[in-house]
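Notes for the one structure printed next.
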Amino acid sequence: MKVTLIKKRVLFLTASILLFIFFPAFSGDNVLQAEHAANHHAEKDYLNSSPQSISPCYEKPNQFYGKVERVIDGDTLRVRTDSDKEVTIRLANIDAPEKNQPFGLKARRVLLNLAFNKLVVIQAQAVDRYGRTVAIVCVNGINISGFMVSNGLAWVYTRYSRDSSLPGKEKMARDKKQGLWSLLDPVPPWEWRKIK
């Protein structure tokens with residue numbers, strides 16, 4: 001069995017070398033350039049498409065599109081809009097753990113994997129006291145706030161939340177002891193900020 005695995009690796013390596021020698025167009029930089037060009041065209045098509053062609057759930061007022069350029073923490077993003085404006089977005093209805101809090105870095109990492117460098121649909125709801133746009137954000141049809149709560153990476157921000165589906169998702173994550181709910185006594189971020 002070990003010999004078969006070694007043979008497969010040698011065969012793969014040989015094929016890779018031959019591909020590189022005989023087809024230099026497939027070497028590193030050219031592949032990256034082709035991938036970048038394909039992504040650029042896909043982004044333009046996405047940004048120029050109508051909301052109806054993306055999903056009927058996006059037919060809402062105060063809506064715009066953008067690309068996530070930075071993930072600041074588990075509930076804050078920096079987005080470049082379709083009108084080439086940079087906007088800081090605070091995810092609506094949730095509060096993720098602070099960076100120095102248990103599961104804070106994990107929440108940021110998961111949000112990074114979910115949204116970084118991706119095209120998103122943003123439904124603005126308000127502007128907070130720090131000048132951030134509070135918004136519902138969807139990536140590939142996924143409501144990011146709901147995703148974070150369902151995976152135990154954020155609390156429902158009960159003081160501000162207007163999403164009636166989130167408490168049920170939080171309860172399910174809590175019952176399954178997912179993410180921060182695996183801790184004995186998780187401290188909500190709004191209380192953590194008072195302590196620290």
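By convention here, the chains of the structure tokens are called A, B, ... in the order presented, each chain's residues are numbered starting at 1, and ligands are numbered starting at 1 in the order presented.
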Got a sec: who's within 10 Å of Glu86 (chain A), counting only C-alpha atoms, leaving out chain neighbours fewer than 5 positions off, as a list in words? Gly66, Lys67, Val68, Glu69, Arg78, Val79, Arg80 and Thr81 of chain A
Could you give me, as a PyMOL selection string, the residues within 7 Å of Thr76 (chain A), counting only C-alpha atoms and dropping anything in the same chain fewer than 4 positions from it? chain A and resi 71-72+89-91
Dump as a short mmCIF file (atom, residue, chain, number, x, y, z; two decimals), in the first residue's frame, selection limited to N, CA and C atoms:
data_model
loop_
_atom_site.label_atom_id
_atom_site.label_comp_id
_atom_site.auth_asym_id
_atom_site.auth_seq_id
_atom_site.Cartn_x
_atom_site.Cartn_y
_atom_site.Cartn_z
N VAL A 71 -11.29 42.38 6.75
CA VAL A 71 -12.12 41.90 7.85
C VAL A 71 -11.45 42.40 9.12
N ILE A 72 -12.12 43.31 9.81
CA ILE A 72 -11.53 43.94 10.98
C ILE A 72 -11.67 43.05 12.21
N ILE A 89 -18.42 48.51 7.36
CA ILE A 89 -19.72 47.90 7.63
C ILE A 89 -19.69 47.19 8.97
N ARG A 90 -20.67 47.49 9.80
CA ARG A 90 -20.89 46.77 11.07
C ARG A 90 -22.07 45.85 10.82
N LEU A 91 -21.87 44.53 10.95
CA LEU A 91 -22.94 43.58 10.69
C LEU A 91 -24.12 43.84 11.62
#
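Among the candidates A:Asp175, A:Gln63, A:Arg159, A:Val121, the one nearest to Asn143 (chain A) when counting only C-alpha atoms is A:Val121.
For the choices A:Asp84, A:Asp128, A:Asp75, A:Glu191, the atom-to-atom distance to Ala115 (chain A) is smallest for A:Asp75 when using only C-alpha atoms.
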Which parts of region 124-191 of chain A does DSSP call alpha helix (DSSP H) when run on the backbone here, written out as a ChimeraX atom specification? /A:144-150,166-175,189-191
Restricting the output to N, CA and C atoms, write the selected residues as a PDB file, in the first residue's frame.
ATOM      1  N   ILE A 144     -24.694  36.809   6.467  1.00  0.00           N
ATOM      2  CA  ILE A 144     -23.514  36.605   7.300  1.00  0.00           C
ATOM      3  C   ILE A 144     -23.855  36.656   8.790  1.00  0.00           C
ATOM      4  N   SER A 145     -24.734  37.554   9.190  1.00  0.00           N
ATOM      5  CA  SER A 145     -25.106  37.630  10.610  1.00  0.00           C
ATOM      6  C   SER A 145     -25.706  36.306  11.082  1.00  0.00           C
ATOM      7  N   GLY A 146     -26.622  35.758  10.301  1.00  0.00           N
ATOM      8  CA  GLY A 146     -27.237  34.477  10.635  1.00  0.00           C
ATOM      9  C   GLY A 146     -26.214  33.351  10.682  1.00  0.00           C
ATOM     10  N   PHE A 147     -25.269  33.382   9.749  1.00  0.00           N
ATOM     11  CA  PHE A 147     -24.219  32.362   9.700  1.00  0.00           C
ATOM     12  C   PHE A 147     -23.361  32.403  10.960  1.00  0.00           C
ATOM     13  N   MET A 148     -22.976  33.592  11.366  1.00  0.00           N
ATOM     14  CA  MET A 148     -22.115  33.726  12.544  1.00  0.00           C
ATOM     15  C   MET A 148     -22.838  33.259  13.808  1.00  0.00           C
ATOM     16  N   VAL A 149     -24.101  33.622  13.953  1.00  0.00           N
ATOM     17  CA  VAL A 149     -24.886  33.206  15.132  1.00  0.00           C
ATOM     18  C   VAL A 149     -25.095  31.697  15.111  1.00  0.00           C
ATOM     19  N   SER A 150     -25.453  31.146  13.954  1.00  0.00           N
ATOM     20  CA  SER A 150     -25.710  29.703  13.840  1.00  0.00           C
ATOM     21  C   SER A 150     -24.493  28.864  14.181  1.00  0.00           C
ATOM     22  N   LEU A 166     -33.022  35.218  14.411  1.00  0.00           N
ATOM     23  CA  LEU A 166     -31.729  35.001  15.075  1.00  0.00           C
ATOM     24  C   LEU A 166     -31.814  34.363  16.466  1.00  0.00           C
ATOM     25  N   PRO A 167     -32.758  34.722  17.325  1.00  0.00           N
ATOM     26  CA  PRO A 167     -32.792  34.060  18.638  1.00  0.00           C
ATOM     27  C   PRO A 167     -32.916  32.533  18.545  1.00  0.00           C
ATOM     28  N   GLY A 168     -33.696  32.036  17.596  1.00  0.00           N
ATOM     29  CA  GLY A 168     -33.822  30.588  17.395  1.00  0.00           C
ATOM     30  C   GLY A 168     -32.505  29.972  16.960  1.00  0.00           C
ATOM     31  N   LYS A 169     -31.780  30.665  16.085  1.00  0.00           N
ATOM     32  CA  LYS A 169     -30.470  30.167  15.635  1.00  0.00           C
ATOM     33  C   LYS A 169     -29.478  30.158  16.783  1.00  0.00           C
ATOM     34  N   GLU A 170     -29.525  31.196  17.607  1.00  0.00           N
ATOM     35  CA  GLU A 170     -28.636  31.248  18.762  1.00  0.00           C
ATOM     36  C   GLU A 170     -28.954  30.105  19.733  1.00  0.00           C
ATOM     37  N   LYS A 171     -30.237  29.833  19.953  1.00  0.00           N
ATOM     38  CA  LYS A 171     -30.626  28.750  20.863  1.00  0.00           C
ATOM     39  C   LYS A 171     -30.125  27.400  20.351  1.00  0.00           C
ATOM     40  N   MET A 172     -30.242  27.176  19.037  1.00  0.00           N
ATOM     41  CA  MET A 172     -29.756  25.916  18.459  1.00  0.00           C
ATOM     42  C   MET A 172     -28.253  25.782  18.631  1.00  0.00           C
ATOM     43  N   ALA A 173     -27.507  26.863  18.387  1.00  0.00           N
ATOM     44  CA  ALA A 173     -26.044  26.831  18.559  1.00  0.00           C
ATOM     45  C   ALA A 173     -25.694  26.581  20.023  1.00  0.00           C
ATOM     46  N   ARG A 174     -26.450  27.207  20.921  1.00  0.00           N
ATOM     47  CA  ARG A 174     -26.227  27.035  22.361  1.00  0.00           C
ATOM     48  C   ARG A 174     -26.502  25.581  22.773  1.00  0.00           C
ATOM     49  N   ASP A 175     -27.621  25.017  22.288  1.00  0.00           N
ATOM     50  CA  ASP A 175     -27.977  23.635  22.620  1.00  0.00           C
ATOM     51  C   ASP A 175     -26.934  22.641  22.109  1.00  0.00           C
ATOM     52  N   PRO A 189     -20.049  40.231  24.492  1.00  0.00           N
ATOM     53  CA  PRO A 189     -19.095  41.316  24.232  1.00  0.00           C
ATOM     54  C   PRO A 189     -19.480  42.643  24.872  1.00  0.00           C
ATOM     55  N   TRP A 190     -20.789  42.959  24.934  1.00  0.00           N
ATOM     56  CA  TRP A 190     -21.202  44.239  25.528  1.00  0.00           C
ATOM     57  C   TRP A 190     -20.876  44.272  27.025  1.00  0.00           C
ATOM     58  N   GLU A 191     -20.836  43.124  27.674  1.00  0.00           N
ATOM     59  CA  GLU A 191     -20.400  43.078  29.075  1.00  0.00           C
ATOM     60  C   GLU A 191     -18.883  43.049  29.166  1.00  0.00           C
TER      61      GLU A 191
END
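Proximity of A:Ala107, A:Ala124, A:Leu114, A:Cys138 to Gly152 (chain A), computed with only C-alpha atoms, is greatest for A:Ala107.
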Please list as a PDB file with N, CA and C atoms, in the first residue's frame every residue within 12 Å of Pro186 (chain A), counting only C-alpha atoms and excluding residues in the same chain fewer than 2 positions away.
ATOM      1  N   ALA A  96     -20.158  40.071  17.848  1.00  0.00           N
ATOM      2  CA  ALA A  96     -19.172  38.991  17.909  1.00  0.00           C
ATOM      3  C   ALA A  96     -18.199  39.249  19.057  1.00  0.00           C
ATOM      4  N   PRO A  97     -17.550  38.199  19.551  1.00  0.00           N
ATOM      5  CA  PRO A  97     -16.574  38.387  20.623  1.00  0.00           C
ATOM      6  C   PRO A  97     -15.476  39.364  20.211  1.00  0.00           C
ATOM      7  N   GLN A 101     -11.028  38.440  23.439  1.00  0.00           N
ATOM      8  CA  GLN A 101     -11.999  37.634  24.165  1.00  0.00           C
ATOM      9  C   GLN A 101     -11.960  36.212  23.595  1.00  0.00           C
ATOM     10  N   PRO A 102     -12.285  35.175  24.400  1.00  0.00           N
ATOM     11  CA  PRO A 102     -12.351  33.824  23.839  1.00  0.00           C
ATOM     12  C   PRO A 102     -13.259  33.793  22.604  1.00  0.00           C
ATOM     13  N   PHE A 103     -12.799  33.141  21.579  1.00  0.00           N
ATOM     14  CA  PHE A 103     -13.463  32.990  20.284  1.00  0.00           C
ATOM     15  C   PHE A 103     -13.464  34.270  19.454  1.00  0.00           C
ATOM     16  N   GLY A 104     -12.823  35.332  19.917  1.00  0.00           N
ATOM     17  CA  GLY A 104     -12.744  36.563  19.135  1.00  0.00           C
ATOM     18  C   GLY A 104     -11.928  36.392  17.863  1.00  0.00           C
ATOM     19  N   GLY A 152     -22.186  29.711  16.408  1.00  0.00           N
ATOM     20  CA  GLY A 152     -21.702  30.021  17.747  1.00  0.00           C
ATOM     21  C   GLY A 152     -20.523  30.972  17.750  1.00  0.00           C
ATOM     22  N   LEU A 153     -20.511  31.909  16.795  1.00  0.00           N
ATOM     23  CA  LEU A 153     -19.407  32.861  16.692  1.00  0.00           C
ATOM     24  C   LEU A 153     -19.845  34.295  16.959  1.00  0.00           C
ATOM     25  N   ALA A 154     -21.100  34.452  17.348  1.00  0.00           N
ATOM     26  CA  ALA A 154     -21.625  35.780  17.688  1.00  0.00           C
ATOM     27  C   ALA A 154     -22.902  35.611  18.497  1.00  0.00           C
ATOM     28  N   TRP A 155     -23.194  36.618  19.293  1.00  0.00           N
ATOM     29  CA  TRP A 155     -24.449  36.693  20.036  1.00  0.00           C
ATOM     30  C   TRP A 155     -25.445  37.483  19.211  1.00  0.00           C
ATOM     31  N   ARG A 174     -26.450  27.207  20.921  1.00  0.00           N
ATOM     32  CA  ARG A 174     -26.227  27.035  22.361  1.00  0.00           C
ATOM     33  C   ARG A 174     -26.502  25.581  22.773  1.00  0.00           C
ATOM     34  N   LYS A 177     -23.834  23.379  21.737  1.00  0.00           N
ATOM     35  CA  LYS A 177     -22.550  23.810  22.310  1.00  0.00           C
ATOM     36  C   LYS A 177     -21.519  24.120  21.212  1.00  0.00           C
ATOM     37  N   GLN A 178     -22.000  24.835  20.186  1.00  0.00           N
ATOM     38  CA  GLN A 178     -21.125  25.221  19.087  1.00  0.00           C
ATOM     39  C   GLN A 178     -20.366  26.494  19.426  1.00  0.00           C
ATOM     40  N   GLY A 179     -19.132  26.559  18.972  1.00  0.00           N
ATOM     41  CA  GLY A 179     -18.333  27.763  19.116  1.00  0.00           C
ATOM     42  C   GLY A 179     -18.246  28.244  20.539  1.00  0.00           C
ATOM     43  N   LEU A 180     -18.563  29.511  20.763  1.00  0.00           N
ATOM     44  CA  LEU A 180     -18.426  30.120  22.087  1.00  0.00           C
ATOM     45  C   LEU A 180     -19.341  29.471  23.117  1.00  0.00           C
ATOM     46  N   TRP A 181     -20.367  28.767  22.664  1.00  0.00           N
ATOM     47  CA  TRP A 181     -21.274  28.094  23.597  1.00  0.00           C
ATOM     48  C   TRP A 181     -20.645  26.837  24.190  1.00  0.00           C
ATOM     49  N   SER A 182     -19.450  26.463  23.721  1.00  0.00           N
ATOM     50  CA  SER A 182     -18.732  25.340  24.330  1.00  0.00           C
ATOM     51  C   SER A 182     -18.050  25.774  25.630  1.00  0.00           C
ATOM     52  N   LEU A 183     -17.971  27.088  25.857  1.00  0.00           N
ATOM     53  CA  LEU A 183     -17.379  27.612  27.092  1.00  0.00           C
ATOM     54  C   LEU A 183     -18.362  27.432  28.249  1.00  0.00           C
ATOM     55  N   LEU A 184     -17.829  27.301  29.451  1.00  0.00           N
ATOM     56  CA  LEU A 184     -18.687  27.129  30.627  1.00  0.00           C
ATOM     57  C   LEU A 184     -19.574  28.338  30.871  1.00  0.00           C
ATOM     58  N   PRO A 188     -20.946  37.912  27.118  1.00  0.00           N
ATOM     59  CA  PRO A 188     -21.293  38.685  25.916  1.00  0.00           C
ATOM     60  C   PRO A 188     -20.345  39.872  25.736  1.00  0.00           C
ATOM     61  N   PRO A 189     -20.049  40.231  24.492  1.00  0.00           N
ATOM     62  CA  PRO A 189     -19.095  41.316  24.232  1.00  0.00           C
ATOM     63  C   PRO A 189     -19.480  42.643  24.872  1.00  0.00           C
ATOM     64  N   TRP A 190     -20.789  42.959  24.934  1.00  0.00           N
ATOM     65  CA  TRP A 190     -21.202  44.239  25.528  1.00  0.00           C
ATOM     66  C   TRP A 190     -20.876  44.272  27.025  1.00  0.00           C
ATOM     67  N   GLU A 191     -20.836  43.124  27.674  1.00  0.00           N
ATOM     68  CA  GLU A 191     -20.400  43.078  29.075  1.00  0.00           C
ATOM     69  C   GLU A 191     -18.883  43.049  29.166  1.00  0.00           C
ATOM     70  N   TRP A 192     -18.231  42.336  28.253  1.00  0.00           N
ATOM     71  CA  TRP A 192     -16.764  42.271  28.209  1.00  0.00           C
ATOM     72  C   TRP A 192     -16.156  43.667  28.064  1.00  0.00           C
TER      73      TRP A 192
END
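You will find CA of Gly74 (chain A) at 12.7 Å from CA of Asn93 (chain A).
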Compile the contact shell of Ile122 (chain A) as a PyMOL selection string: residues with an atom at most 6 Å away, counting only C-alpha atoms, same-chain residues fewer than 2 positions apart removed. chain A and resi 63-65+136-137
CA of Thr88 (chain A) and CA of Gly141 (chain A) are how many Å apart? 20.5 Å
Expressed in Å to a single decimal, how great is the separation between CA of Asn62 (chain A) and CA of Asp82 (chain A)? 13.7 Å
May I have all residues of region 93-132 of chain A that DSSP, computed from the backbone, assigns to strand (DSSP E or B), given as a list in words? Ile94, Asp95, Leu119, Val120, Val121, Ile122, Gln123, Ala124, Gln125, Ala126 and Val127 of chain A
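Considering the residues A:Val87, A:Asn140, A:Ile94, A:Asn117 and counting only C-alpha atoms, Thr158 (chain A) has its shortest atom-to-atom contact with A:Ile94.
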